[in-house]
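Content type PDB, C-alpha atoms, from the file data_22.pdb:
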ATOM      1  CA  MET S   1      34.759  -3.026 -16.867
ATOM      2  CA  SER S   2      32.172  -0.763 -15.262
ATOM      3  CA  PRO S   3      29.453   0.654 -17.442
ATOM      4  CA  ARG S   4      30.207   4.205 -18.562
ATOM      5  CA  ILE S   5      27.580   6.841 -17.864
ATOM      6  CA  GLY S   6      27.900  10.234 -19.513
ATOM      7  CA  VAL S   7      26.965  13.423 -17.658
ATOM      8  CA  ILE S   8      26.280  16.458 -19.843
ATOM      9  CA  THR S   9      27.440  19.946 -18.950
ATOM     10  CA  PHE S  10      25.660  22.914 -20.550
ATOM     11  CA  PRO S  11      26.418  26.559 -19.818
ATOM     12  CA  GLY S  12      24.506  27.056 -16.570
ATOM     13  CA  THR S  13      24.443  23.413 -15.480
ATOM     14  CA  LEU S  14      24.946  23.081 -11.717
ATOM     15  CA  ASP S  15      24.556  19.466 -10.724
ATOM     16  CA  ASP S  16      26.866  17.688 -13.141
ATOM     17  CA  VAL S  17      29.496  17.211 -10.415
ATOM     18  CA  ASP S  18      27.022  15.598  -8.003
ATOM     19  CA  ALA S  19      25.555  13.442 -10.775
ATOM     20  CA  ALA S  20      29.024  12.177 -11.715
ATOM     21  CA  ARG S  21      29.755  11.519  -8.043
ATOM     22  CA  ALA S  22      26.540   9.509  -7.721
ATOM     23  CA  VAL S  23      27.554   7.395 -10.721
ATOM     24  CA  ARG S  24      30.913   6.671  -9.065
ATOM     25  CA  TYR S  25      29.175   5.826  -5.752
ATOM     26  CA  ALA S  26      27.248   3.163  -7.663
ATOM     27  CA  ASP S  27      30.527   1.836  -9.086
ATOM     28  CA  GLY S  28      29.969   3.209 -12.560
ATOM     29  CA  GLU S  29      32.448   5.223 -14.582
ATOM     30  CA  ALA S  30      31.319   8.831 -15.002
ATOM     31  CA  VAL S  31      32.203  10.434 -18.329
ATOM     32  CA  SER S  32      31.942  14.196 -18.843
ATOM     33  CA  LEU S  33      30.056  15.227 -21.965
ATOM     34  CA  TRP S  34      30.078  18.782 -23.325
ATOM     35  CA  HIS S  35      26.966  20.460 -24.758
ATOM     36  CA  ALA S  36      28.726  21.698 -27.892
ATOM     37  CA  ASP S  37      30.240  18.330 -28.742
ATOM     38  CA  ALA S  38      28.012  15.793 -30.509
ATOM     39  CA  ASP S  39      30.366  12.982 -29.466
ATOM     40  CA  LEU S  40      28.892  10.760 -26.735
ATOM     41  CA  LYS S  41      32.340   9.167 -26.217
ATOM     42  CA  GLY S  42      30.905   5.676 -26.431
ATOM     43  CA  VAL S  43      28.968   5.887 -23.156
ATOM     44  CA  ASP S  44      26.340   3.287 -22.242
ATOM     45  CA  ALA S  45      23.864   5.764 -20.721
ATOM     46  CA  VAL S  46      23.450   9.519 -20.342
ATOM     47  CA  ILE S  47      22.397  11.767 -17.473
ATOM     48  CA  VAL S  48      21.121  15.253 -18.249
ATOM     49  CA  PRO S  49      21.670  16.983 -14.906
ATOM     50  CA  GLY S  50      20.027  19.900 -13.169
ATOM     51  CA  GLY S  51      20.786  23.592 -13.180
ATOM     52  CA  PHE S  52      19.796  26.518 -15.350
ATOM     53  CA  SER S  53      21.041  25.715 -18.838
ATOM     54  CA  TYR S  54      21.334  28.854 -20.950
ATOM     55  CA  GLY S  55      19.976  30.808 -17.996
ATOM     56  CA  ASP S  56      16.530  29.248 -18.519
ATOM     57  CA  TYR S  57      16.076  31.888 -21.233
ATOM     58  CA  LEU S  58      12.945  31.556 -23.391
ATOM     59  CA  ARG S  59      11.741  28.499 -21.425
ATOM     60  CA  CYS S  60      13.576  26.025 -19.210
ATOM     61  CA  GLY S  61      15.381  23.625 -21.516
ATOM     62  CA  ALA S  62      14.159  25.276 -24.712
ATOM     63  CA  ILE S  63      17.615  26.284 -25.928
ATOM     64  CA  ALA S  64      19.536  23.351 -24.476
ATOM     65  CA  ARG S  65      17.464  20.918 -26.509
ATOM     66  CA  PHE S  66      19.117  22.277 -29.672
ATOM     67  CA  ALA S  67      22.673  21.738 -28.377
ATOM     68  CA  PRO S  68      24.735  19.407 -30.597
ATOM     69  CA  VAL S  69      25.011  16.823 -27.836
ATOM     70  CA  MET S  70      21.226  16.559 -27.553
ATOM     71  CA  ALA S  71      20.852  15.469 -31.181
ATOM     72  CA  SER S  72      23.151  12.547 -30.324
ATOM     73  CA  VAL S  73      21.212  11.808 -27.131
ATOM     74  CA  VAL S  74      17.888  11.736 -29.009
ATOM     75  CA  GLU S  75      19.402   9.398 -31.604
ATOM     76  CA  ALA S  76      20.884   7.094 -28.952
ATOM     77  CA  ALA S  77      17.640   7.060 -26.950
ATOM     78  CA  ALA S  78      15.797   5.907 -30.059
ATOM     79  CA  LYS S  79      18.093   2.867 -30.059
ATOM     80  CA  GLY S  80      17.295   2.150 -26.405
ATOM     81  CA  MET S  81      20.104   3.891 -24.532
ATOM     82  CA  PRO S  82      19.058   4.693 -20.949
ATOM     83  CA  VAL S  83      18.708   8.447 -20.414
ATOM     84  CA  LEU S  84      17.961  10.169 -17.117
ATOM     85  CA  GLY S  85      16.899  13.808 -16.877
ATOM     86  CA  ILE S  86      16.999  15.413 -13.441
ATOM     87  CA  CYS S  87      15.228  18.734 -12.806
ATOM     88  CA  ASN S  88      16.459  20.999 -15.627
ATOM     89  CA  GLY S  89      17.431  17.763 -17.378
ATOM     90  CA  PHE S  90      13.791  16.614 -17.142
ATOM     91  CA  GLN S  91      12.733  19.947 -18.642
ATOM     92  CA  ILE S  92      15.243  19.479 -21.461
ATOM     93  CA  LEU S  93      14.033  15.926 -22.213
ATOM     94  CA  CYS S  94      10.443  17.209 -22.414
ATOM     95  CA  GLU S  95      11.464  20.053 -24.724
ATOM     96  CA  ALA S  96      13.428  17.567 -26.844
ATOM     97  CA  GLY S  97      10.354  15.360 -27.205
ATOM     98  CA  LEU S  98      11.920  12.350 -25.459
ATOM     99  CA  LEU S  99       9.247  12.609 -22.777
ATOM    100  CA  PRO S 100       5.703  13.987 -23.116
ATOM    101  CA  GLY S 101       4.399  17.086 -21.367
ATOM    102  CA  ALA S 102       6.088  20.206 -20.073
ATOM    103  CA  LEU S 103       7.173  21.804 -16.803
ATOM    104  CA  VAL S 104       5.806  25.183 -15.791
ATOM    105  CA  ARG S 105       6.197  27.727 -13.032
ATOM    106  CA  ASN S 106       5.299  26.382  -9.583
ATOM    107  CA  GLU S 107       1.665  26.962  -8.730
ATOM    108  CA  LYS S 108       2.491  29.206  -5.745
ATOM    109  CA  LEU S 109       5.290  30.958  -7.689
ATOM    110  CA  HIS S 110       7.857  30.273  -4.956
ATOM    111  CA  PHE S 111      11.069  28.394  -5.590
ATOM    112  CA  VAL S 112      10.692  25.178  -3.581
ATOM    113  CA  CYS S 113      13.770  23.772  -1.835
ATOM    114  CA  ARG S 114      13.060  20.935   0.559
ATOM    115  CA  ASP S 115      13.445  17.243   1.238
ATOM    116  CA  GLN S 116      10.477  15.618  -0.473
ATOM    117  CA  TRP S 117       8.873  12.218  -0.018
ATOM    118  CA  LEU S 118       8.168  10.373  -3.254
ATOM    119  CA  ARG S 119       6.461   7.076  -3.954
ATOM    120  CA  VAL S 120       7.979   4.713  -6.503
ATOM    121  CA  GLU S 121       5.127   3.879  -8.860
ATOM    122  CA  ASN S 122       7.027   1.921 -11.511
ATOM    123  CA  ASN S 123      10.064  -0.159 -10.594
ATOM    124  CA  ALA S 124      10.486  -1.647 -14.049
ATOM    125  CA  THR S 125      12.321   1.220 -15.786
ATOM    126  CA  ALA S 126      16.057   1.272 -16.479
ATOM    127  CA  TRP S 127      16.429   3.753 -13.601
ATOM    128  CA  SER S 128      14.145   2.293 -10.896
ATOM    129  CA  THR S 129      14.542  -1.494 -10.641
ATOM    130  CA  ARG S 130      16.389  -1.269  -7.314
ATOM    131  CA  TYR S 131      13.286   0.102  -5.589
ATOM    132  CA  ASP S 132      10.376  -1.874  -4.239
ATOM    133  CA  GLN S 133       7.128  -1.048  -5.976
ATOM    134  CA  GLY S 134       5.301   1.461  -3.775
ATOM    135  CA  ALA S 135       8.414   2.295  -1.726
ATOM    136  CA  GLU S 136       8.565   5.812  -0.302
ATOM    137  CA  VAL S 137      11.874   7.633  -0.627
ATOM    138  CA  LEU S 138      13.169  10.984   0.631
ATOM    139  CA  ILE S 139      14.863  13.048  -2.082
ATOM    140  CA  PRO S 140      15.661  16.785  -2.254
ATOM    141  CA  LEU S 141      13.503  18.920  -4.524
ATOM    142  CA  LYS S 142      14.765  22.349  -5.595
ATOM    143  CA  SER S 143      12.998  24.025  -8.470
ATOM    144  CA  GLY S 144      10.959  27.053  -9.425
ATOM    145  CA  GLU S 145       9.436  25.522 -12.539
ATOM    146  CA  GLY S 146       8.575  22.007 -11.516
ATOM    147  CA  GLY S 147       4.868  21.874 -12.243
ATOM    148  CA  TYR S 148       4.275  18.933 -14.562
ATOM    149  CA  MET S 149       1.655  19.722 -17.221
ATOM    150  CA  ALA S 150       0.266  17.613 -20.020
ATOM    151  CA  SER S 151      -3.021  17.288 -21.841
ATOM    152  CA  GLN S 152      -5.678  15.144 -20.183
ATOM    153  CA  GLU S 153      -5.234  12.630 -22.992
ATOM    154  CA  THR S 154      -1.494  12.387 -22.322
ATOM    155  CA  LEU S 155      -2.069  12.088 -18.568
ATOM    156  CA  ASP S 156      -4.591   9.307 -19.114
ATOM    157  CA  ARG S 157      -2.116   7.472 -21.319
ATOM    158  CA  LEU S 158       0.749   7.879 -18.816
ATOM    159  CA  GLU S 159      -1.420   6.641 -15.955
ATOM    160  CA  GLY S 160      -2.962   3.831 -17.990
ATOM    161  CA  ASP S 161       0.410   2.542 -19.138
ATOM    162  CA  GLY S 162       2.045   2.847 -15.709
ATOM    163  CA  ARG S 163       4.505   5.430 -16.946
ATOM    164  CA  VAL S 164       4.434   7.562 -13.802
ATOM    165  CA  VAL S 165       7.666   6.515 -12.070
ATOM    166  CA  PHE S 166       7.695   8.814  -9.039
ATOM    167  CA  ARG S 167       4.768  10.601  -7.406
ATOM    168  CA  TYR S 168       4.850  13.257  -4.674
ATOM    169  CA  VAL S 169       3.432  12.126  -1.348
ATOM    170  CA  GLY S 170       2.632  14.228   1.697
ATOM    171  CA  GLY S 171       1.429  17.197  -0.351
ATOM    172  CA  ASN S 172       1.925  18.452  -3.876
ATOM    173  CA  PRO S 173       4.832  20.924  -3.806
ATOM    174  CA  ASN S 174       4.381  22.651  -7.154
ATOM    175  CA  GLY S 175       0.981  22.046  -8.719
ATOM    176  CA  SER S 176       2.063  19.103 -10.875
ATOM    177  CA  ARG S 177      -0.871  17.332 -12.483
ATOM    178  CA  ASN S 178      -1.688  14.058 -10.698
ATOM    179  CA  ASP S 179       1.164  14.772  -8.202
ATOM    180  CA  ILE S 180       3.603  13.596 -10.881
ATOM    181  CA  ALA S 181       7.290  13.909  -9.932
ATOM    182  CA  GLY S 182       8.771  11.704 -12.648
ATOM    183  CA  ILE S 183       7.748   9.799 -15.767
ATOM    184  CA  THR S 184       9.236   7.388 -18.263
ATOM    185  CA  SER S 185       9.217   6.766 -21.996
ATOM    186  CA  GLU S 186       7.168   4.012 -23.614
ATOM    187  CA  ASN S 187      10.121   1.608 -23.511
ATOM    188  CA  GLY S 188      11.057   2.462 -19.893
ATOM    189  CA  ARG S 189      14.587   3.522 -20.843
ATOM    190  CA  VAL S 190      14.194   7.306 -20.593
ATOM    191  CA  VAL S 191      13.219   8.722 -17.198
ATOM    192  CA  GLY S 192      12.798  12.328 -16.120
ATOM    193  CA  LEU S 193      12.095  13.617 -12.623
ATOM    194  CA  MET S 194      12.164  16.978 -10.866
ATOM    195  CA  PRO S 195      13.664  15.862  -7.510
ATOM    196  CA  HIS S 196      17.400  15.241  -7.244
ATOM    197  CA  PRO S 197      18.416  11.644  -6.466
ATOM    198  CA  GLU S 198      22.077  12.615  -6.952
ATOM    199  CA  HIS S 199      21.799  14.794  -3.819
ATOM    200  CA  ALA S 200      20.602  11.848  -1.722
ATOM    201  CA  ILE S 201      23.395   9.303  -1.978
ATOM    202  CA  ASP S 202      25.089   9.679   1.401
ATOM    203  CA  ALA S 203      23.572  10.489   4.795
ATOM    204  CA  LEU S 204      26.547  12.803   5.404
ATOM    205  CA  THR S 205      25.522  15.209   2.649
ATOM    206  CA  GLY S 206      21.840  14.497   2.012
ATOM    207  CA  PRO S 207      18.614  13.655   3.824
ATOM    208  CA  SER S 208      19.052   9.944   2.998
ATOM    209  CA  ASP S 209      20.828   7.669   0.571
ATOM    210  CA  ASP S 210      17.517   6.846  -1.102
ATOM    211  CA  GLY S 211      18.665   8.357  -4.412
ATOM    212  CA  LEU S 212      21.422   5.804  -4.917
ATOM    213  CA  GLY S 213      18.900   3.248  -6.155
ATOM    214  CA  VAL S 214      18.420   5.260  -9.342
ATOM    215  CA  PHE S 215      22.075   4.903 -10.256
ATOM    216  CA  PHE S 216      22.421   1.281  -9.118
ATOM    217  CA  SER S 217      19.363   0.471 -11.242
ATOM    218  CA  ALA S 218      21.027   1.885 -14.344
ATOM    219  CA  LEU S 219      24.223  -0.003 -13.606
ATOM    220  CA  ASP S 220      22.173  -3.200 -13.274
ATOM    221  CA  ALA S 221      20.516  -2.474 -16.615
ATOM    222  CA  LEU S 222      23.899  -1.922 -18.260
ATOM    223  CA  LYS S 223      26.041  -4.647 -16.745
ATOM    224  CA  PRO S 224      24.992  -7.345 -19.205
ATOM    225  CA  LEU S 225      26.114  -4.990 -21.983
ATOM    226  CA  ALA S 226      29.467  -4.257 -20.392
ATOM    227  CA  THR S 227      30.330  -7.904 -19.776
ATOM    228  CA  THR S 228      29.469  -9.021 -23.281
ATOM    229  CA  ALA S 229      31.197  -6.065 -24.956
TER     230      ALA S 229
ATOM    231  CA  MET G   1      12.988  43.922 -44.291
ATOM    232  CA  ALA G   2       9.908  43.587 -42.180
ATOM    233  CA  ARG G   3       9.050  43.547 -38.541
ATOM    234  CA  VAL G   4       7.251  40.444 -37.374
ATOM    235  CA  VAL G   5       5.541  40.052 -34.034
ATOM    236  CA  VAL G   6       5.117  36.656 -32.411
ATOM    237  CA  ASP G   7       2.859  36.520 -29.368
ATOM    238  CA  VAL G   8       2.976  33.447 -27.163
ATOM    239  CA  MET G   9       0.304  32.850 -24.532
ATOM    240  CA  PRO G  10      -0.331  30.036 -22.073
ATOM    241  CA  LYS G  11      -3.164  27.823 -23.301
ATOM    242  CA  PRO G  12      -6.502  28.659 -21.677
ATOM    243  CA  GLU G  13      -6.594  25.346 -19.811
ATOM    244  CA  ILE G  14      -3.069  25.801 -18.400
ATOM    245  CA  LEU G  15      -2.944  27.483 -15.029
ATOM    246  CA  ASP G  16      -1.170  30.843 -15.266
ATOM    247  CA  PRO G  17       0.016  31.600 -11.722
ATOM    248  CA  GLN G  18       1.977  34.654 -12.854
ATOM    249  CA  GLY G  19      -1.093  36.213 -14.445
ATOM    250  CA  GLN G  20      -3.104  35.387 -11.341
ATOM    251  CA  ALA G  21      -0.496  37.060  -9.131
ATOM    252  CA  VAL G  22      -0.684  40.205 -11.267
ATOM    253  CA  ALA G  23      -4.489  40.136 -11.135
ATOM    254  CA  GLY G  24      -4.341  39.694  -7.375
ATOM    255  CA  ALA G  25      -2.040  42.709  -6.961
ATOM    256  CA  LEU G  26      -4.196  45.150  -8.908
ATOM    257  CA  PRO G  27      -6.907  45.692  -6.246
ATOM    258  CA  ARG G  28      -4.179  46.222  -3.653
ATOM    259  CA  LEU G  29      -2.852  49.023  -5.856
ATOM    260  CA  GLY G  30      -6.310  50.560  -6.009
ATOM    261  CA  PHE G  31      -7.277  49.352  -9.486
ATOM    262  CA  GLN G  32     -10.727  47.768  -9.468
ATOM    263  CA  GLY G  33     -12.596  45.933 -12.195
ATOM    264  CA  VAL G  34      -9.832  43.810 -13.755
ATOM    265  CA  THR G  35     -11.275  40.325 -13.560
ATOM    266  CA  GLU G  36      -8.491  38.317 -15.201
ATOM    267  CA  VAL G  37      -4.869  38.672 -16.318
ATOM    268  CA  ARG G  38      -3.001  36.213 -18.512
ATOM    269  CA  GLN G  39       0.744  36.686 -18.909
ATOM    270  CA  GLY G  40       2.583  35.691 -22.071
ATOM    271  CA  LYS G  41       5.561  36.598 -24.216
ATOM    272  CA  HIS G  42       5.928  39.093 -27.039
ATOM    273  CA  PHE G  43       8.733  38.696 -29.591
ATOM    274  CA  GLU G  44       9.719  41.245 -32.261
ATOM    275  CA  LEU G  45      11.701  39.836 -35.153
ATOM    276  CA  GLU G  46      13.395  41.849 -37.911
ATOM    277  CA  VAL G  47      13.355  39.581 -40.942
ATOM    278  CA  ASP G  48      14.454  40.013 -44.548
ATOM    279  CA  ASP G  49      12.309  39.208 -47.543
ATOM    280  CA  SER G  50      13.587  35.657 -47.835
ATOM    281  CA  VAL G  51      11.709  34.612 -44.670
ATOM    282  CA  ASP G  52       8.247  33.433 -45.667
ATOM    283  CA  ASP G  53       5.197  32.826 -43.503
ATOM    284  CA  GLU G  54       5.801  29.094 -43.407
ATOM    285  CA  THR G  55       9.272  29.636 -41.953
ATOM    286  CA  LEU G  56       7.887  32.067 -39.382
ATOM    287  CA  ALA G  57       5.316  29.490 -38.350
ATOM    288  CA  LYS G  58       8.093  26.918 -37.886
ATOM    289  CA  ILE G  59      10.055  29.362 -35.729
ATOM    290  CA  ALA G  60       7.005  30.073 -33.582
ATOM    291  CA  GLU G  61       5.751  26.499 -33.291
ATOM    292  CA  GLY G  62       9.106  24.792 -32.951
ATOM    293  CA  PHE G  63      11.037  27.209 -30.778
ATOM    294  CA  LEU G  64       9.420  30.387 -29.469
ATOM    295  CA  ALA G  65       6.395  28.502 -28.157
ATOM    296  CA  ASN G  66       5.992  25.094 -26.585
ATOM    297  CA  PRO G  67       2.752  23.853 -28.161
ATOM    298  CA  VAL G  68       2.163  21.538 -25.196
ATOM    299  CA  ILE G  69       1.398  24.512 -22.971
ATOM    300  CA  GLU G  70       1.296  27.585 -25.206
ATOM    301  CA  ASP G  71      -0.590  29.055 -28.172
ATOM    302  CA  TRP G  72       1.102  31.427 -30.595
ATOM    303  CA  THR G  73       0.253  33.970 -33.275
ATOM    304  CA  VAL G  74       2.464  35.522 -35.944
ATOM    305  CA  ARG G  75       1.736  38.838 -37.606
ATOM    306  CA  ARG G  76       3.708  41.067 -39.940
ATOM    307  CA  LEU G  77       3.636  44.745 -39.037
ATOM    308  CA  GLU G  78       3.001  47.264 -41.808
ATOM    309  CA  ALA G  79       6.243  48.943 -42.849
TER     310      ALA G  79
END
Now that the file is in, can you turn its structure into structure tokens?
Amino acid sequence: MSPRIGVITFPGTLDDVDAARAVRYADGEAVSLWHADADLKGVDAVIVPGGFSYGDYLRCGAIARFAPVMASVVEAAAKGMPVLGICNGFQILCEAGLLPGALVRNEKLHFVCRDQWLRVENNATAWSTRYDQGAEVLIPLKSGEGGYMASQETLDRLEGDGRVVFRYVGGNPNGSRNDIAGITSENGRVVGLMPHPEHAIDALTGPSDDGLGVFFSALDALKPLATTA
Amino acid sequence: MARVVVDVMPKPEILDPQGQAVAGALPRLGFQGVTEVRQGKHFELEVDDSVDDETLAKIAEGFLANPVIEDWTVRRLEA
């Protein structure tokens, strides 16, 4: 049986369909999860996809973090369940306290929509084992509030512990501190990133299929569970 | 009933590109002498007497502001 990966839909989510498609491309079973329902339907991992949950009112992710489903995600993450936050999902995971820091308005104020080169800085997380350490991948970035901010102390800790998973190369698109595009939790199970790997799974519809590795990595991390269950 | 004002501002060390854009526009509009603009949020809450200062602080700290990037103040307006 394939591992089951839940994809949450909030009001205003846009990329749940692509995220579910990416899971299926990697031979996982995609399970739709609804923001108002605390039931995770027994999934093995969760993706919090991109979009504009609750219209980005107050702050990006600030209202979504209080959705019933997020309480279940926080609880499951504490037990080691892999969680991936993409773009607005990354913002939500930061607001929910699953990842440190916050995402703010892009330095130049413009919404950035482009294919972005990233360097894989940590290939030991639940979502990055399929990449070579130091590999450069081309993944779409589309966000207006993608500037990663954290205190110097937090940045030092993230860098010191190797918790930066993806870093922008070829220019910083949004003013993120230390060119950070994605980070992970202390245990390497929760990952958040601003670029969209689910939009880069097929050369027909994206700039590359470089994003597929994220989903294959999670499936690799989960397969031992699925076969023993 | 009372009116409570919560002001939320980006921390001084956090870049405020929106405030900078406003500051940059002022000379173009003919206004000289404004050396800095910081942009934040202003909330007005109507609360009944059961809501104490501790609760208001929780609302500000835990929801209206993100303490990672923002400072907040709460004040009750005179009725």
Distance query Ala203 in chain S at most 12 Å, all atoms listed in the file, self and fewer than 5 positions along chain excluded, as an NGL selection string: :S and (138-139 or 208-212)
May I have the residues of chain S within 7 Å of chain G, counting only C-alpha atoms, written as a short mmCIF file (atom, residue, chain, number, x, y, z; two decimals) with C-alpha atoms, in the coordinates of the input?
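The result, stored in selection-v8.cif:
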data_model
loop_
_atom_site.label_atom_id
_atom_site.label_comp_id
_atom_site.auth_asym_id
_atom_site.auth_seq_id
_atom_site.Cartn_x
_atom_site.Cartn_y
_atom_site.Cartn_z
CA GLY S 101 4.40 17.09 -21.37
CA ALA S 102 6.09 20.21 -20.07
CA GLU S 107 1.66 26.96 -8.73
CA LYS S 108 2.49 29.21 -5.74
CA LEU S 109 5.29 30.96 -7.69
CA ALA S 150 0.27 17.61 -20.02
#
Evaluate the PyMOL selection byres ((chain S and resi 119) around 8) and report residues as a ChimeraX atom specification: /S:117-118,120-121,134-137,166-169
Just the selected residues (C-alpha atoms), exported as a CSV table (one decimal), in the coordinates of the input, please.
chain,number,residue,atom,x,y,z
S,117,TRP,CA,8.9,12.2,0.0
S,118,LEU,CA,8.2,10.4,-3.3
S,120,VAL,CA,8.0,4.7,-6.5
S,121,GLU,CA,5.1,3.9,-8.9
S,134,GLY,CA,5.3,1.5,-3.8
S,135,ALA,CA,8.4,2.3,-1.7
S,136,GLU,CA,8.6,5.8,-0.3
S,137,VAL,CA,11.9,7.6,-0.6
S,166,PHE,CA,7.7,8.8,-9.0
S,167,ARG,CA,4.8,10.6,-7.4
S,168,TYR,CA,4.8,13.3,-4.7
S,169,VAL,CA,3.4,12.1,-1.3
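In this structure, CA of Phe90 in chain S sits 24.0 Å away from CA of Pro12 in chain G.
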Applied to the shown file, which residues does the PyMOL selection byres ((chain G and resi 76) around 6) return, written as a short mmCIF file (atom, residue, chain, number, x, y, z; two decimals) with C-alpha atoms, in the frame of the given file?
data_model
loop_
_atom_site.label_atom_id
_atom_site.label_comp_id
_atom_site.auth_asym_id
_atom_site.auth_seq_id
_atom_site.Cartn_x
_atom_site.Cartn_y
_atom_site.Cartn_z
CA VAL G 4 7.25 40.44 -37.37
CA ARG G 75 1.74 38.84 -37.61
CA LEU G 77 3.64 44.74 -39.04
#
For this structure, which residues satisfy the selection - the PyMOL selection byres ((chain S and resi 220-224) around 12) - when it is evaluated on the file as given? I want them as an MDAnalysis selection string. chainID S and resid 1:5 26:29 43:46 80:83 124:130 188:189 213:219 225:229
List as a ChimeraX atom specification: which residues have an atom within 8 Å of (3.1, 35.6, -37.4), counting only C-alpha atoms? /G:4-6,53,56-57,60,73-76
Once 6 Å is added on each side, what centre and edge lengths in Å to one decimal does the axis-aligned box around all listed atoms of range 63-78 of chain S have, as AutoDock Vina command-line options?
--center_x 20.4 --center_y 16.1 --center_z -28.0 --size_x 21.2 --size_y 32.4 --size_z 19.1
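Each of S:Val69, S:Gly61, S:Leu33, S:Ala77 was checked against Asp16 in chain S using all atoms listed in the file; the smallest atom-to-atom distance is that of S:Leu33.
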Please, what distance in Å, to one decimal, runs between CA of Asp202 in chain S and CA of Asn122 in chain S? 23.5 Å
Suppose you want the space between CA of Ile180 in chain S and CA of Tyr148 in chain S; what is it in Å? 6.5 Å
Could you name the residues that touch range 48-50 of chain G at 10 Å or less, counting all atoms listed in the file, but leaving out those on the same chain fewer than 3 positions away, as a PDB file with C-alpha atoms, keeping the file's coordinate frame?
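What follows is the written file selection18.pdb:
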ATOM      1  CA  MET G   1      12.988  43.922 -44.291  1.00  0.00           C
ATOM      2  CA  ALA G   2       9.908  43.587 -42.180  1.00  0.00           C
ATOM      3  CA  ARG G   3       9.050  43.547 -38.541  1.00  0.00           C
ATOM      4  CA  LEU G  45      11.701  39.836 -35.153  1.00  0.00           C
ATOM      5  CA  ASP G  53       5.197  32.826 -43.503  1.00  0.00           C
ATOM      6  CA  THR G  55       9.272  29.636 -41.953  1.00  0.00           C
TER       7      THR G  55
END
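Closest approach to Asp56 in chain S from the set S:Gly6, S:Pro173, S:Gly144, S:Gly160 is made by S:Gly144, with distances taken over all atoms listed in the file.
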Using all atoms listed in the file, find the one residue out of G:Trp72, G:Glu78, G:Pro10, G:Gln20 that sits nearest to Phe43 in chain G.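 Nearest to Phe43 in chain G: G:Trp72.
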So which residues touch Tyr54 in chain S within 10 Å, counting all atoms listed in the file, skipping near sequence neighbours fewer than 6 positions away, as a PDB file with C-alpha atoms, in the coordinates of the input?
ATOM      1  CA  PHE S  10      25.660  22.914 -20.550  1.00  0.00           C
ATOM      2  CA  PRO S  11      26.418  26.559 -19.818  1.00  0.00           C
ATOM      3  CA  GLY S  12      24.506  27.056 -16.570  1.00  0.00           C
ATOM      4  CA  THR S  13      24.443  23.413 -15.480  1.00  0.00           C
ATOM      5  CA  CYS S  60      13.576  26.025 -19.210  1.00  0.00           C
ATOM      6  CA  GLY S  61      15.381  23.625 -21.516  1.00  0.00           C
ATOM      7  CA  ALA S  62      14.159  25.276 -24.712  1.00  0.00           C
ATOM      8  CA  ILE S  63      17.615  26.284 -25.928  1.00  0.00           C
ATOM      9  CA  ALA S  64      19.536  23.351 -24.476  1.00  0.00           C
TER      10      ALA S  64
END
Starting from the point (17.8, 17.2, 4.1), work out which residues of protein, DNA or RNA have an atom no more than 6 Å away when counting only C-alpha atoms; state them as a list in words.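 I get Asp115, Gly206 and Pro207 of chain S for the residues within 6 Å of that point.
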Please dump the current selection as a PDB file, keeping the file's coordinate frame; keep C-alpha atoms.
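And here's again-v4.pdb as it stands now:
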ATOM      1  CA  ASP S 115      13.445  17.243   1.238  1.00  0.00           C
ATOM      2  CA  GLY S 206      21.840  14.497   2.012  1.00  0.00           C
ATOM      3  CA  PRO S 207      18.614  13.655   3.824  1.00  0.00           C
TER       4      PRO S 207
END
Can you pull out the residues contacting Arg38 in chain G? Cut-off 7 Å, using all atoms listed in the file, and skip same-chain residues under 2 positions away; I want them as a PyMOL selection string. chain G and resi 16+19+36+40
Contact residues around Asn106 in chain S with only C-alpha atoms at 8 Å, ignoring same-chain residues under 4 positions, as an mmCIF file with C-alpha atoms, in the frame of the given file:
data_model
loop_
_atom_site.group_PDB
_atom_site.id
_atom_site.type_symbol
_atom_site.label_atom_id
_atom_site.label_comp_id
_atom_site.auth_asym_id
_atom_site.auth_seq_id
_atom_site.Cartn_x
_atom_site.Cartn_y
_atom_site.Cartn_z
ATOM 1 C CA HIS S 110 7.857 30.273 -4.956
ATOM 2 C CA PHE S 111 11.069 28.394 -5.590
ATOM 3 C CA GLY S 144 10.959 27.053 -9.425
ATOM 4 C CA GLU S 145 9.436 25.522 -12.539
ATOM 5 C CA GLY S 146 8.575 22.007 -11.516
ATOM 6 C CA GLY S 147 4.868 21.874 -12.243
ATOM 7 C CA PRO S 173 4.832 20.924 -3.806
ATOM 8 C CA ASN S 174 4.381 22.651 -7.154
ATOM 9 C CA GLY S 175 0.981 22.046 -8.719
ATOM 10 C CA PRO G 17 0.016 31.600 -11.722
#
